[in-house]
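Next up, data_18.txt (compact mmCIF, C-alpha atoms and all ligand atoms):
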```txt
# COMPACT_ATOMS: atom_id res chain seq x y z
CA GLY H 188 194.43 -42.23 34.71
CA LEU H 189 191.66 -43.40 37.02
CA VAL H 190 189.94 -41.27 39.62
CA TYR H 191 187.83 -42.24 42.63
CA LEU H 192 184.33 -40.81 43.06
CA ASN H 193 181.91 -42.03 45.75
CA GLY H 194 183.00 -45.66 45.69
CA GLU H 195 183.69 -45.97 41.96
CA TRP H 196 186.89 -45.93 39.91
CA LEU H 197 186.34 -43.97 36.69
CA VAL H 198 188.14 -42.27 33.83
CA PRO H 199 188.01 -38.53 34.61
CA GLU H 200 185.49 -37.84 31.80
CA GLN H 201 183.03 -40.25 33.45
CA ALA H 202 183.36 -38.71 36.93
CA LYS H 203 180.36 -36.40 37.36
CA VAL H 204 179.07 -34.48 40.38
CA SER H 205 175.53 -33.10 40.80
CA VAL H 206 174.87 -29.41 40.11
CA PHE H 207 173.19 -29.49 43.54
CA ASP H 208 176.41 -30.54 45.21
CA ARG H 209 177.10 -28.17 48.10
CA GLY H 210 180.71 -27.98 46.98
CA PHE H 211 179.58 -26.49 43.65
CA LEU H 212 176.88 -24.26 45.16
CA PHE H 213 178.60 -23.00 48.31
CA ALA H 214 182.21 -24.27 48.31
CA ASP H 215 181.02 -26.30 51.32
CA GLY H 216 183.93 -28.68 51.52
CA ILE H 217 187.60 -29.27 52.22
CA TYR H 218 190.58 -30.81 50.42
CA GLU H 219 193.95 -32.37 51.12
CA VAL H 220 197.11 -32.86 49.05
CA ILE H 221 199.62 -35.66 49.70
CA PRO H 222 202.94 -35.99 47.85
CA VAL H 223 203.95 -39.44 46.59
CA TYR H 224 207.63 -40.26 46.12
CA HIS H 225 208.69 -43.53 44.56
CA GLY H 226 205.21 -45.02 44.82
CA ARG H 227 204.87 -44.23 48.53
CA PRO H 228 203.07 -41.33 50.22
CA PHE H 229 205.39 -38.90 52.04
CA LEU H 230 204.38 -37.85 55.60
CA ALA H 231 200.98 -39.41 54.90
CA GLN H 232 199.77 -39.66 58.49
CA TYR H 233 200.30 -35.92 59.07
CA HIS H 234 198.23 -35.18 55.96
CA LEU H 235 195.46 -37.58 57.03
CA ASP H 236 195.40 -36.04 60.51
CA ARG H 237 194.95 -32.59 58.92
CA LEU H 238 192.18 -34.03 56.69
CA HIS H 239 190.39 -35.33 59.81
CA ARG H 240 190.76 -31.91 61.48
CA SER H 241 189.39 -30.06 58.43
CA LEU H 242 186.34 -32.36 58.23
CA ALA H 243 185.69 -32.13 61.97
CA ALA H 244 185.99 -28.32 61.88
CA ILE H 245 183.09 -28.01 59.42
CA ALA H 246 181.15 -31.06 60.70
CA ILE H 247 181.31 -33.18 57.55
CA PRO H 248 181.13 -36.90 58.48
CA ASP H 249 184.59 -38.50 58.25
CA GLN H 250 185.81 -41.99 57.36
CA PRO H 251 188.21 -44.11 59.40
CA ASP H 252 191.94 -43.77 58.81
CA ALA H 253 192.01 -47.16 57.06
CA PHE H 254 189.58 -45.90 54.40
CA TRP H 255 191.85 -42.97 53.46
CA GLN H 256 194.98 -45.12 53.69
CA SER H 257 193.64 -47.71 51.26
CA LEU H 258 192.45 -44.93 48.93
CA VAL H 259 196.05 -43.65 48.88
CA VAL H 260 197.41 -47.11 48.07
CA GLU H 261 194.78 -47.79 45.39
CA LEU H 262 195.27 -44.42 43.68
CA ILE H 263 199.00 -45.10 43.40
CA ASP H 264 198.55 -48.74 42.26
CA ARG H 265 195.75 -48.18 39.75
CA ASN H 266 197.66 -45.30 38.15
CA GLU H 267 201.09 -46.96 38.47
CA MET H 268 202.32 -43.62 39.84
CA GLN H 269 205.92 -43.27 41.02
CA ASN H 270 206.02 -39.56 41.86
CA GLY H 271 202.85 -37.54 42.13
CA LEU H 272 200.42 -35.49 44.15
CA ILE H 273 197.25 -37.06 45.57
CA TYR H 274 194.22 -34.78 45.84
CA PHE H 275 191.35 -35.59 48.18
CA GLN H 276 188.26 -33.43 47.78
CA VAL H 277 185.35 -33.86 50.19
CA THR H 278 182.13 -31.83 50.07
CA ARG H 279 179.05 -32.02 52.29
CA GLY H 280 177.22 -33.63 49.33
CA ALA H 281 174.17 -32.92 47.16
CA GLU H 282 170.73 -31.79 48.33
CA SER H 283 167.63 -31.24 46.19
CA LYS H 284 166.66 -27.97 47.87
CA ARG H 285 169.05 -25.05 47.66
CA SER H 286 169.64 -23.73 51.15
CA HIS H 287 172.71 -22.27 52.85
CA LEU H 288 171.88 -24.33 55.91
CA PRO H 289 172.18 -28.09 55.31
CA GLN H 290 168.66 -29.57 55.36
CA GLY H 291 169.49 -32.81 57.10
CA PRO H 292 172.02 -35.62 57.08
CA VAL H 293 173.75 -35.51 53.70
CA THR H 294 176.06 -38.12 52.16
CA PRO H 295 179.42 -36.45 51.56
CA THR H 296 180.90 -36.41 48.07
CA ILE H 297 184.38 -37.94 48.08
CA PHE H 298 186.64 -37.41 45.09
CA ALA H 299 190.28 -38.51 44.82
CA SER H 300 192.81 -38.21 42.02
CA ILE H 301 196.56 -38.32 41.48
CA SER H 302 198.66 -36.27 39.10
CA PRO H 303 202.33 -36.70 38.20
CA LEU H 304 205.01 -34.65 39.97
CA GLU H 305 208.61 -34.17 38.89
CA LEU H 306 211.03 -35.16 41.66
CA HIS H 307 213.79 -32.58 42.00
CA TRP H 308 217.12 -32.78 43.80
CA ASP H 309 218.62 -29.42 42.90
CA THR H 310 218.55 -26.10 44.76
CA PRO H 311 215.81 -24.02 43.15
CA GLU H 312 216.73 -20.54 41.87
CA PRO H 313 215.69 -17.82 44.36
CA ALA H 314 212.29 -16.48 43.33
CA LYS H 315 210.37 -13.22 43.66
CA VAL H 316 207.29 -12.68 45.86
CA VAL H 317 205.04 -9.66 46.38
CA LEU H 318 203.69 -8.26 49.63
CA CYS H 319 199.88 -8.21 49.87
CA GLU H 320 197.33 -7.57 52.54
CA ASP H 321 195.84 -10.88 53.67
CA ILE H 322 192.23 -10.49 52.50
CA ARG H 323 191.14 -14.02 53.43
CA TRP H 324 188.83 -15.15 56.24
CA LEU H 325 189.83 -15.91 59.84
CA ARG H 326 189.78 -19.74 59.67
CA CYS H 327 192.79 -20.25 57.40
CA ASP H 328 193.65 -23.33 59.52
CA ILE H 329 190.88 -25.23 57.68
CA LYS H 330 191.95 -26.52 54.25
CA SER H 331 188.76 -25.19 52.67
CA ILE H 332 187.92 -25.53 48.96
CA SER H 333 186.68 -21.94 49.16
CA LEU H 334 189.83 -20.37 47.71
CA LEU H 335 188.65 -17.08 46.16
CA GLY H 336 190.96 -14.95 48.28
CA ASN H 337 193.93 -17.20 47.53
CA ILE H 338 193.15 -17.13 43.78
CA MET H 339 192.80 -13.33 43.62
CA LEU H 340 196.09 -12.92 45.50
CA LYS H 341 197.87 -15.45 43.26
CA GLN H 342 196.62 -13.68 40.14
CA TYR H 343 197.95 -10.38 41.48
CA ALA H 344 201.33 -12.03 42.20
CA GLN H 345 201.47 -13.45 38.67
CA GLN H 346 200.81 -9.99 37.21
CA GLN H 347 203.88 -8.78 39.15
CA ALA H 348 206.01 -11.67 37.81
CA ALA H 349 206.14 -13.19 41.33
CA ILE H 350 205.63 -16.86 42.26
CA GLU H 351 203.56 -16.11 45.36
CA PRO H 352 202.05 -13.29 47.36
CA MET H 353 203.49 -12.75 50.86
CA LEU H 354 200.44 -12.10 52.99
CA HIS H 355 200.34 -9.89 56.06
CA ARG H 356 197.70 -8.85 58.59
CA ASP H 357 198.36 -5.47 60.21
CA GLY H 358 202.01 -5.84 59.21
CA SER H 359 202.56 -9.38 60.56
CA VAL H 360 203.42 -11.91 57.85
CA THR H 361 200.98 -14.84 57.90
CA GLU H 362 201.72 -17.14 54.92
CA GLY H 363 201.49 -17.39 51.13
CA ALA H 364 198.44 -18.20 48.99
CA SER H 365 199.56 -21.85 48.96
CA SER H 366 202.75 -21.91 51.07
CA ASN H 367 204.28 -20.98 54.43
CA TYR H 368 207.11 -18.44 54.87
CA PHE H 369 210.30 -18.68 56.91
CA ALA H 370 212.66 -15.74 57.54
CA VAL H 371 216.25 -15.88 58.85
CA LYS H 372 217.70 -13.01 60.90
CA ASP H 373 221.00 -13.23 62.81
CA GLY H 374 221.01 -17.04 62.66
CA VAL H 375 217.45 -17.43 63.99
CA ILE H 376 214.63 -18.86 61.86
CA PHE H 377 211.21 -17.22 62.20
CA THR H 378 207.85 -18.48 60.96
CA ALA H 379 204.28 -17.49 61.82
CA PRO H 380 202.81 -19.45 64.75
CA ARG H 381 200.30 -22.20 64.23
CA ASP H 382 196.94 -20.51 64.77
CA ASN H 383 193.75 -19.68 62.86
CA LEU H 384 195.60 -17.26 60.54
CA ILE H 385 197.63 -19.90 58.67
CA LEU H 386 197.22 -23.36 57.24
CA PRO H 387 199.52 -25.59 59.30
CA GLY H 388 201.60 -26.76 56.35
CA ILE H 389 202.93 -30.30 56.59
CA THR H 390 206.13 -29.14 54.85
CA ARG H 391 206.31 -26.31 57.45
CA MET H 392 206.06 -28.89 60.24
CA TRP H 393 208.70 -31.08 58.59
CA VAL H 394 211.12 -28.19 58.07
CA LEU H 395 210.68 -27.23 61.75
CA GLU H 396 211.53 -30.84 62.63
CA LEU H 397 214.62 -30.81 60.37
CA ALA H 398 215.75 -27.46 61.81
CA GLN H 399 215.48 -28.93 65.30
CA GLN H 400 217.52 -31.99 64.27
CA LEU H 401 220.17 -29.62 62.83
CA LYS H 402 220.05 -27.63 66.10
CA LEU H 403 219.12 -24.45 64.23
CA PRO H 404 217.32 -21.97 66.49
CA VAL H 405 213.66 -21.53 65.49
CA ARG H 406 210.98 -19.19 66.78
CA GLU H 407 207.36 -19.68 65.84
CA GLU H 408 206.72 -15.93 65.85
CA ALA H 409 205.38 -13.87 62.97
CA PHE H 410 207.92 -11.45 61.49
CA HIS H 411 206.91 -7.88 60.66
CA ILE H 412 206.92 -6.22 57.24
CA SER H 413 209.09 -3.41 58.67
CA GLU H 414 211.87 -6.03 59.12
CA LEU H 415 211.85 -7.34 55.56
CA ALA H 416 214.71 -5.18 54.24
CA GLN H 417 216.95 -6.39 57.11
CA LEU H 418 216.33 -10.14 56.66
CA ASP H 419 219.33 -12.35 55.94
CA GLU H 420 217.37 -15.15 54.24
CA LEU H 421 213.84 -15.97 53.21
CA PHE H 422 212.18 -19.12 51.91
CA LEU H 423 208.77 -20.67 51.54
CA THR H 424 207.55 -24.24 51.89
CA SER H 425 204.77 -26.38 50.39
CA SER H 426 204.21 -29.99 49.38
CA SER H 427 204.76 -29.19 45.70
CA ARG H 428 207.61 -26.65 46.07
CA GLU H 429 209.30 -28.24 49.12
CA VAL H 430 211.82 -25.56 50.25
CA GLN H 431 211.94 -22.62 47.82
CA PRO H 432 214.47 -19.80 48.42
CA ILE H 433 213.12 -16.25 47.97
CA GLY H 434 215.55 -13.58 46.70
CA GLN H 435 213.20 -10.64 46.28
CA ILE H 436 210.06 -9.12 47.86
CA ASP H 437 208.71 -6.41 45.54
CA ASP H 438 211.82 -4.22 45.04
CA ILE H 439 213.61 -5.48 48.17
CA ILE H 440 216.51 -7.85 47.48
CA ILE H 441 217.07 -10.42 50.26
CA GLY H 442 220.66 -11.44 51.03
CA ASN H 443 222.21 -10.45 47.67
CA GLY H 444 219.36 -12.34 45.98
CA ARG H 445 221.12 -15.67 46.48
CA CYS H 446 220.09 -18.78 48.41
CA GLY H 447 221.34 -18.30 52.00
CA PRO H 448 223.36 -20.88 54.00
CA LEU H 449 220.60 -21.94 56.43
CA THR H 450 218.12 -22.27 53.56
CA GLN H 451 220.70 -24.38 51.70
CA LYS H 452 221.18 -26.60 54.77
CA LEU H 453 217.44 -27.17 55.08
CA ILE H 454 217.08 -27.93 51.36
CA GLU H 455 219.82 -30.56 51.69
CA ALA H 456 218.24 -31.99 54.85
CA PHE H 457 214.90 -32.14 53.04
CA HIS H 458 216.44 -34.01 50.11
CA GLU H 459 218.16 -36.34 52.56
CA SER H 460 214.83 -37.13 54.25
CA LYS H 461 213.32 -37.89 50.82
CA ARG H 462 216.22 -40.21 50.06
CA ALA H 463 215.61 -42.01 53.38
CA HIS H 464 211.94 -42.32 52.42
CA LEU H 465 212.84 -43.90 49.04
CA ALA H 466 215.20 -46.42 50.61
N1 LIG G 1 199.31 -22.47 53.21
C1 LIG G 1 198.29 -22.55 52.33
C2 LIG G 1 197.24 -21.49 52.33
C3 LIG G 1 198.23 -23.65 51.44
O1 LIG G 1 197.21 -23.75 50.57
C4 LIG G 1 199.26 -24.62 51.46
C5 LIG G 1 199.26 -25.77 50.53
O2 LIG G 1 198.66 -25.74 49.49
C6 LIG G 1 200.31 -24.47 52.37
C7 LIG G 1 200.29 -23.39 53.25
C8 LIG G 1 201.43 -25.48 52.45
O3 LIG G 1 200.97 -26.67 53.04
P1 LIG G 1 201.70 -28.08 52.79
O4 LIG G 1 203.12 -27.90 53.21
O5 LIG G 1 200.95 -29.02 53.67
O6 LIG G 1 201.57 -28.38 51.33
```
Let me see whether you can do it: turn the structure in this file into structure tokens.
Amino acid sequence: GLVYLNGEWLVPEQAKVSVFDRGFLFADGIYEVIPVYHGRPFLAQYHLDRLHRSLAAIAIPDQPDAFWQSLVVELIDRNEMQNGLIYFQVTRGAESKRSHLPQGPVTPTIFASISPLELHWDTPEPAKVVLCEDIRWLRCDIKSISLLGNIMLKQYAQQQAAIEPMLHRDGSVTEGASSNYFAVKDGVIFTAPRDNLILPGITRMWVLELAQQLKLPVREEAFHISELAQLDELFLTSSSREVQPIGQIDDIIIGNGRCGPLTQKLIEAFHESKRAHLA
């Protein structure tokens, strides 16, 4: 496949970044992930808007929408990709003097690649997650490439044979290491509000939209870890997992461990919206 780096299209082995790049030295950068179905980006504008917000939040110079849009199109075309995930990675760039504070105007490093993704139309088996204290920083709304907390938490989850950690701050569930959580109790869907404690997932936004279309009651309110044993349903969302039912948190079984009816409805609605996108 071909990747994009600072204006050039290269085979991955030829794509090289300076050891003085501030992304390498300080994780001074952001990223974005866009799913591609049937050769077309899904919910692309929402992803590009989030990319703009991430760059603005850390004051890295941005490019116009048209630049990112044509990068999306070219990545798909040059790699003849039907279904995949596009990765944009933008750092503040390379400087000759090592200094936490940027020394002056720097040219950002822009890297873009696409990797294949299997399209699925089934209902995934309910999975296990583990409860963890959210040890990350307080600007989780920025899609930062500084992911140490997320990686440590994911490694812990893997050791417990879980697909994701379920993160909480002072008992309020925030999100996963790379996903957003939704809980169902007495017919109402709960998910953490959009603030600095979560990444505003595009799949989260889309599921909220689908729930509204289905007239399912939704509250953007964090649920508490003391309520977990009483939940009727639980699922998580992300661009790569879409809607993933959760049947177990540590030793707590949620709703007999099976995919609940509202989760099932949303999975079907999600598939339906993908089908509409392919048409
Ligand atoms: N929360 C975090 C911390 C993430 O890293 C991600 C995606 O990787 C998500 C949520 C889900 O976001 P999206 O639905 O846009 O993929």
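The two atoms in question, CA of Arg445 in chain H and CA of Glu420 in chain H, are spaced 8.6 Å apart.
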For CA of Ser286 in chain H and CA of Ser331 in chain H, the interatomic separation in Å (one decimal): 19.2 Å
Ligand LIG 1 (chain G): axis-aligned bounding box, 3 Å on each side, centre and edge lengths in Å, one decimal, as AutoDock Vina command-line options:
```
--center_x 200.2 --center_y -25.3 --center_z 51.6 --size_x 11.9 --size_y 13.5 --size_z 10.2
```
To check your reading of the model: which residues sit at most 8 Å from ligand LIG 1 (chain G) when counting all atoms listed in the file? Write the answer as a PyMOL selection string. chain H and resi 220-221+234+327+330+337+362-367+385-392+424-427+429
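The two atoms in question, CA of Leu415 in chain H and CA of Leu354 in chain H, are spaced 12.6 Å apart.
With distances restricted to only C-alpha atoms, H:Lys452 is the closest residue to Leu401 in chain H from H:Val204, H:Lys341, H:Lys452, H:Ala214.
Minimum distance to Met353 in chain H across H:Glu219, H:Asp419, H:Asp321, H:Glu414 (counting only C-alpha atoms) occurs at H:Asp321.
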The residue from H:Ser300, H:Asn383, H:Ser359, H:Thr294 with the smallest atom-to-atom distance to Glu320 in chain H, counting only C-alpha atoms, is H:Ser359
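Of the listed residues (H:Pro352, H:Gly444, H:Gly280, H:Pro228), H:Gly280 comes nearest to Phe213 in chain H; the distances count all atoms listed in the file.
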May I have the residues within 7 Å of Val375 in chain H as an MDAnalysis selection string, using all atoms listed in the file and disregarding those fewer than 4 positions away in the same chain? chainID H and resid 371 404:405
Residue with smallest distance to Glu261 in chain H - pool H:Tyr191, H:Phe369, H:Tyr224, H:Phe457, counting only C-alpha atoms: H:Tyr191
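Nearest to Val316 in chain H of all the residues H:Pro295, H:Gly434, H:Pro289, H:Pro251 is H:Gly434, based on all atoms listed in the file.
Those residues that approach Leu238 in chain H to within 8 Å, counting all atoms listed in the file, are Ile217, Tyr218, Glu219, His234, Leu235, Asp236, Arg240, Ser241, Leu242 and Lys330 of chain H; same-chain residues fewer than 2 positions away are not listed.
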All residues 6 Å or closer to Thr278 in chain H, all atoms listed in the file, same chain fewer than 4 positions away omitted, as number ranges by chain: H: 210, 215-216, 295-296
Quick one: everything within 10 Å of Ile441 in chain H, counting only C-alpha atoms, minus sequence neighbours fewer than 4 positions away in the same chain. Send it as a list in words. Pro313, Lys315, Leu415, Ala416, Gln417, Leu418, Asp419, Glu420, Leu421, Pro432, Ile433, Gly434, Gln435, Ile436, Arg445, Cys446 and Gly447 of chain H
